[in-house]
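What's in model-v3.cif: mmCIF, C-alpha atoms
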```
data_query
#
loop_
_atom_site.label_atom_id
_atom_site.label_comp_id
_atom_site.auth_asym_id
_atom_site.auth_seq_id
_atom_site.Cartn_x
_atom_site.Cartn_y
_atom_site.Cartn_z
CA MET A 1 106.40 101.20 95.09
CA LEU A 2 103.83 99.11 96.96
CA LEU A 3 102.96 96.18 94.72
CA GLY A 4 100.68 93.17 95.08
CA GLN A 5 97.27 91.89 94.08
CA ALA A 6 94.03 93.63 95.06
CA GLU A 7 93.22 93.47 98.80
CA SER A 8 96.78 92.51 99.70
CA GLY A 9 97.16 95.38 102.20
CA LYS A 10 99.04 97.96 100.12
CA SER A 11 96.84 100.93 101.01
CA THR A 12 96.82 99.89 104.67
CA LEU A 13 100.63 99.87 104.64
CA GLN A 14 100.57 103.35 103.09
CA LYS A 15 98.38 104.51 105.99
CA GLN A 16 100.85 102.93 108.42
CA PHE A 17 103.65 104.97 106.80
CA GLN A 18 101.51 108.07 107.18
CA LEU A 19 100.69 107.22 110.78
CA TYR A 20 104.38 106.86 111.62
CA TYR A 21 105.93 109.68 109.60
CA ALA A 22 103.05 112.17 109.30
CA SER A 23 100.58 111.35 112.06
CA HIS A 24 99.40 114.97 112.23
CA THR A 25 98.01 114.72 108.68
CA LEU A 26 96.07 111.59 109.57
CA GLU A 27 94.62 113.36 112.59
CA HIS A 28 93.40 116.23 110.41
CA GLU A 29 91.82 113.80 107.96
CA ARG A 30 89.70 111.90 110.49
CA PRO A 31 86.42 113.63 109.50
CA SER A 32 87.03 112.73 105.85
CA TRP A 33 87.15 109.01 106.69
CA ARG A 34 83.77 109.03 108.45
CA PRO A 35 81.61 108.54 105.32
CA ILE A 36 84.01 105.83 104.12
CA VAL A 37 83.50 103.93 107.38
CA PHE A 38 79.75 104.27 106.82
CA PHE A 39 80.10 102.90 103.29
CA ASN A 40 82.04 99.89 104.58
CA ILE A 41 79.24 99.18 107.08
CA LEU A 42 76.49 99.53 104.48
CA LYS A 43 78.29 97.17 102.15
CA ALA A 44 78.74 94.57 104.91
CA VAL A 45 75.05 94.75 105.88
CA ARG A 46 74.02 94.44 102.24
CA MET A 47 76.23 91.36 101.78
CA ILE A 48 74.70 89.73 104.88
CA LEU A 49 71.15 90.43 103.71
CA ALA A 50 71.88 89.07 100.24
CA GLU A 51 73.20 85.82 101.69
CA ILE A 52 70.33 85.30 104.14
CA ASP A 53 67.85 85.91 101.31
CA TYR A 54 69.46 82.95 99.56
CA GLU A 55 70.02 80.67 102.56
CA PHE A 56 66.85 81.41 104.55
CA PRO A 57 64.04 82.25 102.09
CA LEU A 58 60.57 82.68 103.49
CA PRO A 59 58.45 79.54 102.88
CA ARG A 60 55.61 79.80 100.39
CA GLY A 61 52.01 79.26 101.34
CA PRO A 62 50.14 80.01 104.59
CA ILE A 63 52.37 80.95 107.49
CA GLY A 64 51.78 81.58 111.14
CA VAL A 65 52.49 84.73 113.01
CA ALA A 66 56.21 85.48 112.89
CA PRO A 67 57.86 85.71 116.30
CA SER A 68 58.59 89.25 117.47
CA ILE A 69 62.21 90.32 117.74
CA SER A 70 61.69 93.86 118.97
CA GLY A 71 64.65 94.79 121.15
CA SER A 72 66.22 91.34 120.64
CA THR A 73 69.87 90.90 119.72
CA SER A 74 70.00 87.12 119.80
CA GLY A 75 67.02 85.62 117.95
CA SER A 76 65.94 81.99 118.21
CA SER A 77 68.55 79.35 118.78
CA SER A 78 69.00 76.14 116.85
CA SER A 79 69.37 72.61 118.09
CA GLY A 80 72.02 70.22 116.91
CA GLY A 81 73.72 72.85 114.77
CA ARG A 82 70.86 72.92 112.26
CA PRO A 83 69.01 76.02 111.02
CA ASP A 84 65.96 76.95 113.06
CA PRO A 85 62.77 77.39 110.97
CA ALA A 86 62.05 80.61 112.88
CA TRP A 87 65.20 82.24 111.51
CA SER A 88 63.59 82.97 108.13
CA HIS A 89 60.88 85.11 109.69
CA GLU A 90 63.20 86.84 112.16
CA LEU A 91 65.71 87.71 109.48
CA ALA A 92 62.98 88.84 107.08
CA GLN A 93 61.79 91.32 109.71
CA LEU A 94 65.32 92.63 110.18
CA ARG A 95 65.79 92.89 106.43
CA THR A 96 62.64 95.02 106.09
CA LYS A 97 63.81 97.38 108.84
CA LEU A 98 67.33 97.69 107.38
CA LEU A 99 66.35 98.32 103.75
CA PRO A 100 66.38 102.14 104.19
CA LEU A 101 69.99 101.88 105.36
CA VAL A 102 71.36 99.72 102.54
CA ALA A 103 69.35 101.71 99.99
CA SER A 104 71.83 104.56 100.49
CA GLU A 105 74.89 102.50 99.49
CA ASP A 106 74.94 103.40 95.81
CA ALA A 107 74.36 107.11 96.44
CA LEU A 108 77.13 107.25 99.06
CA ALA A 109 79.56 105.33 96.83
CA SER A 110 78.84 107.60 93.87
CA GLU A 111 79.33 110.71 95.99
CA LEU A 112 82.64 109.52 97.44
CA SER A 113 83.98 108.31 94.11
CA GLY A 114 82.77 111.20 91.98
CA GLY A 115 80.61 108.89 89.89
CA VAL A 116 83.50 106.58 88.96
CA SER A 117 82.55 102.95 88.35
CA VAL A 118 84.37 99.89 87.07
CA THR A 119 83.67 97.36 84.33
CA GLY A 120 80.43 95.56 84.98
CA GLY A 121 78.88 98.51 86.79
CA ARG A 122 79.88 97.32 90.27
CA THR A 123 79.42 99.88 93.01
CA GLY A 124 82.38 100.79 95.18
CA VAL A 125 84.50 103.56 96.62
CA PHE A 126 87.54 103.97 94.42
CA VAL A 127 90.75 105.80 95.25
CA ARG A 128 92.49 107.48 92.32
CA ALA A 129 95.03 110.26 92.02
CA GLY A 130 92.64 113.22 91.90
CA TRP A 131 90.24 111.85 94.52
CA GLN A 132 93.03 110.93 96.91
CA THR A 133 93.70 114.58 97.68
CA LEU A 134 90.50 114.56 99.70
CA VAL A 135 92.04 112.03 102.05
CA THR A 136 95.82 112.17 101.73
CA PRO A 137 97.32 115.47 100.54
CA SER A 138 100.70 115.25 98.88
CA ARG A 139 103.14 117.65 97.30
CA SER A 140 102.06 116.72 93.83
CA TRP A 141 98.38 117.24 94.70
CA PRO A 142 98.20 120.16 97.17
CA MET A 143 94.81 120.62 98.80
CA PRO A 144 93.47 124.17 99.04
CA ALA A 145 92.00 125.22 102.37
CA ASP A 146 88.45 125.40 100.99
CA MET A 147 88.78 121.93 99.50
CA ARG A 148 89.96 120.50 102.83
CA ALA A 149 87.08 122.23 104.59
CA ALA A 150 84.63 120.78 102.10
CA ALA A 151 86.11 117.32 102.65
CA SER A 152 85.52 117.65 106.38
CA ARG A 153 81.90 118.85 106.14
CA PRO A 154 79.25 116.14 106.10
CA THR A 155 77.44 115.98 102.75
CA PRO A 156 73.67 115.53 102.46
CA VAL A 157 74.06 111.81 101.68
CA THR A 158 76.51 111.31 104.55
CA ASN A 159 74.09 113.08 106.92
CA ILE A 160 71.21 110.85 105.83
CA VAL A 161 73.32 107.71 106.29
CA ALA A 162 74.54 108.87 109.71
CA GLN A 163 70.99 109.57 110.89
CA THR A 164 69.67 106.27 109.52
CA LEU A 165 72.52 104.33 111.09
CA ALA A 166 71.91 106.02 114.45
CA ALA A 167 68.22 105.10 114.27
CA LEU A 168 68.88 101.49 113.23
CA HIS A 169 72.04 100.58 115.14
CA GLU A 170 70.13 98.11 117.33
CA GLU A 171 68.79 96.35 114.23
CA VAL A 172 72.30 96.19 112.76
CA THR A 173 73.51 94.64 116.02
CA ALA A 174 70.59 92.19 116.03
CA LEU A 175 71.42 91.12 112.47
CA TRP A 176 75.14 90.74 113.19
CA ARG A 177 74.55 88.70 116.36
CA HIS A 178 71.68 86.64 115.00
CA PRO A 179 72.32 82.88 115.24
CA GLY A 180 71.43 82.51 111.57
CA VAL A 181 74.26 84.86 110.58
CA ARG A 182 76.60 83.12 113.05
CA TYR A 183 75.61 79.81 111.46
CA LEU A 184 76.51 81.07 107.98
CA LEU A 185 79.82 82.51 109.17
CA SER A 186 80.87 79.36 111.01
CA GLY A 187 79.90 77.23 108.01
CA ASN A 188 81.97 79.42 105.67
CA LYS A 189 78.82 80.20 103.65
CA LEU A 190 78.97 83.93 104.30
CA HIS A 191 82.13 85.66 103.07
CA LEU A 192 82.45 89.22 104.31
CA GLU A 193 85.34 91.54 103.63
CA GLU A 194 87.94 91.51 106.36
CA TYR A 195 87.04 94.89 107.83
CA ALA A 196 83.42 93.94 108.56
CA ALA A 197 83.72 92.45 112.04
CA HIS A 198 85.74 95.41 113.33
CA PHE A 199 82.93 97.85 112.59
CA LEU A 200 79.91 95.60 113.19
CA ASP A 201 81.24 94.56 116.61
CA ASP A 202 81.39 98.23 117.58
CA ILE A 203 78.38 99.64 115.76
CA GLN A 204 77.09 101.55 118.80
CA ARG A 205 80.24 103.70 118.91
CA VAL A 206 80.30 104.24 115.15
CA SER A 207 76.66 105.34 115.10
CA LEU A 208 77.11 108.10 117.70
CA PRO A 209 76.39 111.63 116.36
CA ASP A 210 79.90 112.89 117.21
CA TYR A 211 81.71 109.81 115.89
CA LEU A 212 85.14 110.38 114.36
CA PRO A 213 87.21 107.43 113.06
CA THR A 214 90.19 106.39 115.17
CA ALA A 215 93.54 105.41 113.67
CA GLU A 216 92.52 101.79 114.07
CA ASP A 217 89.26 102.46 112.21
CA ILE A 218 91.15 104.11 109.37
CA LEU A 219 93.46 101.11 109.10
CA HIS A 220 90.46 98.79 108.82
CA VAL A 221 88.53 100.60 106.08
CA ARG A 222 88.54 99.06 102.63
CA LEU A 223 89.10 101.25 99.57
CA GLN A 224 89.80 100.01 96.08
CA THR A 225 92.70 101.83 94.45
CA LEU A 226 92.48 102.78 90.77
CA GLY A 227 95.68 103.54 88.88
CA VAL A 228 98.68 104.85 90.80
CA THR A 229 98.57 107.32 93.70
CA GLU A 230 101.58 109.22 95.05
CA HIS A 231 102.25 109.99 98.72
CA THR A 232 105.10 112.11 100.05
CA PHE A 233 106.90 111.73 103.38
CA ASP A 234 109.85 113.63 104.82
CA ILE A 235 111.94 111.11 106.76
CA ASP A 236 114.77 111.95 109.15
CA MET A 237 117.39 109.22 109.08
CA ALA A 238 120.60 109.66 111.09
CA GLY A 239 120.18 113.45 111.07
CA SER A 240 119.64 113.70 107.33
CA LEU A 241 116.23 114.56 105.84
CA TYR A 242 115.04 112.45 102.94
CA THR A 243 111.91 112.98 100.88
CA TRP A 244 110.28 109.67 100.04
CA LEU A 245 107.74 109.25 97.28
CA LEU A 246 105.54 106.27 98.02
CA TYR A 247 103.43 104.89 95.18
CA ASP A 248 100.31 102.85 95.94
CA VAL A 249 98.79 100.98 93.01
CA GLY A 250 95.59 99.25 92.00
CA GLY A 251 96.22 95.52 92.27
CA ALA A 252 93.45 94.06 90.11
CA ARG A 253 94.69 92.41 86.92
CA ALA A 254 93.17 95.11 84.73
CA GLN A 255 95.14 97.74 86.69
CA ARG A 256 98.61 96.17 86.56
CA HIS A 257 99.64 97.57 83.18
CA VAL A 258 99.74 101.10 84.65
CA TRP A 259 102.56 100.08 87.04
CA VAL A 260 105.19 99.74 84.33
CA PRO A 261 105.98 103.45 83.63
CA TYR A 262 107.05 103.82 87.28
CA PHE A 263 109.40 100.82 87.35
CA GLU A 264 112.59 102.37 85.97
CA ASP A 265 112.77 105.06 88.68
CA ALA A 266 111.83 102.77 91.56
CA THR A 267 114.38 102.72 94.40
CA ALA A 268 112.57 99.90 96.19
CA ILE A 269 109.68 97.50 95.77
CA ILE A 270 107.61 96.43 98.75
CA PHE A 271 105.62 93.41 97.59
CA LEU A 272 102.66 92.34 99.73
CA ALA A 273 101.31 88.80 99.53
CA PRO A 274 98.26 87.98 101.70
CA ILE A 275 98.98 84.42 102.85
CA SER A 276 95.56 84.29 104.51
CA ALA A 277 94.00 84.12 101.03
CA PHE A 278 94.71 80.41 100.48
CA ASP A 279 90.95 79.72 100.42
CA GLN A 280 90.08 82.62 98.11
CA TYR A 281 90.04 83.14 94.34
CA LEU A 282 90.47 86.21 92.18
CA GLU A 283 87.30 88.21 91.67
CA GLU A 284 88.26 88.75 88.03
CA ASP A 285 89.19 85.06 87.52
CA PRO A 286 87.37 82.64 89.85
CA ARG A 287 89.57 79.76 88.66
CA THR A 288 92.80 81.28 90.01
CA ASN A 289 93.70 80.82 93.68
CA ARG A 290 94.95 84.08 95.19
CA ILE A 291 98.13 82.44 96.54
CA ASP A 292 98.96 81.20 93.03
CA ASP A 293 98.32 84.68 91.63
CA SER A 294 100.63 86.25 94.22
CA LEU A 295 103.39 83.77 93.35
CA GLN A 296 102.98 84.46 89.63
CA LEU A 297 103.03 88.21 90.22
CA PHE A 298 106.09 87.97 92.48
CA THR A 299 107.83 85.92 89.77
CA ALA A 300 107.13 88.69 87.25
CA ILE A 301 108.53 91.34 89.62
CA CYS A 302 111.71 89.36 90.35
CA SER A 303 112.38 88.79 86.65
CA ASN A 304 111.58 92.30 85.40
CA LYS A 305 114.72 94.00 84.04
CA LEU A 306 113.37 97.49 84.77
CA LEU A 307 113.34 96.63 88.49
CA GLN A 308 116.69 94.89 88.74
CA LYS A 309 118.30 97.79 90.66
CA ALA A 310 115.44 98.26 93.13
CA ALA A 311 115.68 96.91 96.65
CA LEU A 312 113.21 94.09 97.18
CA VAL A 313 111.07 93.71 100.29
CA LEU A 314 108.53 90.90 100.67
CA MET A 315 105.73 91.11 103.24
CA LEU A 316 103.78 87.92 103.81
CA ASN A 317 100.74 89.74 105.07
CA LYS A 318 97.50 89.19 107.00
CA THR A 319 98.99 86.68 109.42
CA ASP A 320 96.29 87.58 111.95
CA ILE A 321 93.57 86.44 109.54
CA LEU A 322 95.56 83.31 108.67
CA ARG A 323 95.69 82.37 112.35
CA LYS A 324 91.92 82.85 112.71
CA LYS A 325 91.15 80.71 109.66
CA LEU A 326 93.39 77.87 110.82
CA LYS A 327 91.95 78.06 114.34
CA ALA A 328 88.46 77.81 112.82
CA GLY A 329 89.48 74.53 111.19
CA ILE A 330 89.76 75.64 107.55
CA LYS A 331 92.12 73.14 105.91
CA VAL A 332 94.82 74.42 103.57
CA ARG A 333 95.01 71.13 101.67
CA LYS A 334 91.37 71.53 100.63
CA PHE A 335 92.37 74.55 98.51
CA ILE A 336 96.07 73.88 97.81
CA SER A 337 96.57 70.20 96.99
CA SER A 338 100.36 70.41 97.11
CA TYR A 339 100.17 71.14 100.85
CA GLY A 340 99.42 67.44 101.34
CA ASP A 341 99.21 66.00 104.84
CA ARG A 342 101.30 68.64 106.59
CA PRO A 343 99.93 69.80 109.95
CA ASN A 344 97.32 72.56 109.64
CA SER A 345 99.16 74.77 112.15
CA TYR A 346 100.20 78.39 111.73
CA GLU A 347 103.91 77.51 112.02
CA GLU A 348 103.73 74.84 109.29
CA VAL A 349 101.47 76.82 106.95
CA SER A 350 103.41 80.09 107.19
CA GLU A 351 106.71 78.29 106.64
CA TYR A 352 105.26 76.46 103.63
CA PHE A 353 104.27 79.74 101.98
CA ARG A 354 107.56 81.42 102.96
CA ALA A 355 109.52 78.61 101.32
CA HIS A 356 107.58 78.96 98.08
CA PHE A 357 108.21 82.71 97.81
CA ILE A 358 111.89 82.29 98.69
CA GLN A 359 112.16 79.63 95.99
CA VAL A 360 110.70 82.04 93.42
CA HIS A 361 113.24 84.69 94.44
CA HIS A 362 116.12 82.20 94.31
CA ARG A 363 115.20 80.94 90.84
CA LYS A 364 113.83 84.03 89.13
CA ASP A 365 115.57 87.12 90.57
CA ILE A 366 117.75 88.30 87.72
CA SER A 367 120.01 90.53 89.82
CA HIS A 368 120.45 88.10 92.75
CA ARG A 369 119.75 90.91 95.20
CA PRO A 370 118.98 90.34 98.89
CA LEU A 371 115.36 89.67 99.81
CA TYR A 372 114.09 91.36 102.97
CA LEU A 373 111.20 89.18 104.15
CA HIS A 374 108.72 89.89 106.96
CA PHE A 375 105.57 88.27 108.28
CA THR A 376 103.08 91.09 108.83
CA SER A 377 99.64 92.10 110.02
CA MET A 378 98.97 95.61 108.74
CA ILE A 379 96.42 96.39 111.45
CA ASP A 380 99.00 95.76 114.20
CA ILE A 381 100.30 99.31 114.57
CA LYS A 382 103.25 98.67 116.91
CA ALA A 383 104.60 95.63 115.06
CA THR A 384 104.13 97.15 111.60
CA GLN A 385 105.85 100.39 112.50
CA SER A 386 108.83 98.46 113.86
CA ILE A 387 109.00 96.65 110.52
CA ILE A 388 108.71 99.98 108.66
CA ILE A 389 111.81 101.25 110.47
CA ASN A 390 113.75 98.10 109.56
CA VAL A 391 112.55 98.20 105.97
CA ASN A 392 113.53 101.86 105.55
CA GLU A 393 117.01 101.20 106.90
CA ALA A 394 117.42 98.26 104.52
CA ILE A 395 116.24 100.34 101.57
CA MET A 396 118.64 103.15 102.46
CA ARG A 397 121.58 100.75 102.76
CA SER A 398 120.72 99.29 99.37
CA HIS A 399 120.41 102.77 97.83
CA LEU A 400 123.70 104.03 99.29
CA THR A 401 125.45 100.88 98.05
CA SER A 402 124.03 101.37 94.57
CA ILE A 403 125.44 104.90 94.33
CA GLY A 404 128.80 103.90 95.81
CA LEU A 405 128.47 105.55 99.22
CA ALA A 406 128.42 102.37 101.30
#
```
Do you think you could lay out the structure here as structure tokens?
Amino acid sequence: MLLGQAESGKSTLQKQFQLYYASHTLEHERPSWRPIVFFNILKAVRMILAEIDYEFPLPRGPIGVAPSISGSTSGSSSSGGRPDPAWSHELAQLRTKLLPLVASEDALASELSGGVSVTGGRTGVFVRAGWQTLVTPSRSWPMPADMRAAASRPTPVTNIVAQTLAALHEEVTALWRHPGVRYLLSGNKLHLEEYAAHFLDDIQRVSLPDYLPTAEDILHVRLQTLGVTEHTFDIDMAGSLYTWLLYDVGGARAQRHVWVPYFEDATAIIFLAPISAFDQYLEEDPRTNRIDDSLQLFTAICSNKLLQKAALVLMLNKTDILRKKLKAGIKVRKFISSYGDRPNSYEEVSEYFRAHFIQVHHRKDISHRPLYLHFTSMIDIKATQSIIINVNEAIMRSHLTSIGLA
């Protein structure tokens, strides 16, 4: 079972397993990921526009002629690190041009998710057991040939989005590179999801008519998992073929109760904790720091009697994002007071978090089992697949020991 809070990297790890053990299936599914990439881009653009509406509102009263930005990808510059008054007009023009693109977000999300929504009516693309067959076929959810063909054919909404994105890719680039957006990003006033830069930096490629997502694109897309989804892999280890059932779960607090029925049969738990999230709070509880939530959740896993026979793997994830945040000067002590005056370096911060999780395991693990701990970045294919091999070997050793064969 892949466990951890929402946006911890569980589904990305599942895709890494698929890439390593069943890469041919991922290759066949590339067309199905295209509309999901588009949705991720639309959501990012909408989030940028919402923030600039708040930060750079157009002034009231008589105004002069707004400067033209036709064909521009840079906009006006500021002096002394302060906002330029011209930004409001430039960004307003871009917003007007991009409205037809972001207007398709809800329709695309509804189409991809089959009309599923979550409490509060928030729009998103949600992965659940029945829907997942459109992207990742498994033995428990076989996909008929006509269903797979339908998944690969562009839908009317996807076609409209693709055409609009192709027509407006220069405006998307202008928005993304605009100094006003750069100003908000550098000042930590604009918080985009972690996939955003990957796609916005390469919007020209993504907007091509024959675009198909690469493996790296697929690893970067963000999907919210609902419930529990099963994935099957046949793994050859030392000449013997094993069938692994991998369970990916929704990590939001409201989803965690559905994990329990799967605990008793779990051979191993891979727990993912995003240590880059020290400056973030739970969407469902803005008072709770995401590091604190991960520690509380890991405590519950270590102390759960139903899981006492399962091998335990801990992945301190998103180290690449942690490095970027620390390099940008974001101070850990500002969000986690107990960090104190320790150096704000990757080595010190990562060791601090590692020590806290190890302490939880030492104090709360009821079966005193070994803890297999790794620092990970799920978008690093080579490094992650090396870890997957080591993790699988550790899980197999633990399993063989438990049944008296080792």
Apply the PyMOL selection byres ((chain A and resi 181) around 12) to the structure shown and report the selected residues as a PyMOL selection string. chain A and resi 45+47-53+55-56+73-78+83-84+87-88+90-91+94+172-180+182-192
Evaluating the PyMOL selection byres ((chain A and resi 295) around 12) on the displayed file yields which residues, as a ChimeraX atom specification? /A:4-5,271-275,278,288-294,296-302,314,316,353-361,364
Mind telling me what the PyMOL selection byres ((chain A and resi 209) around 9) catches here, as a PyMOL selection string? chain A and resi 162-163+166+206-208+210-211
Just checking: using only C-alpha atoms, which residue out of A:Arg397, A:Arg34, A:Arg333, A:His374 ends up closest to A:Ala311?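 Smallest separation from A:Ala311 among the options: A:Arg397.
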Got a sec to check which residues sit within 12 Å of (90.0, 105.6, 112.0), counting all atoms listed in the file, and write them as a PyMOL selection string? chain A and resi 12+15-16+19+26-38+195+198-199+206+211-222+379
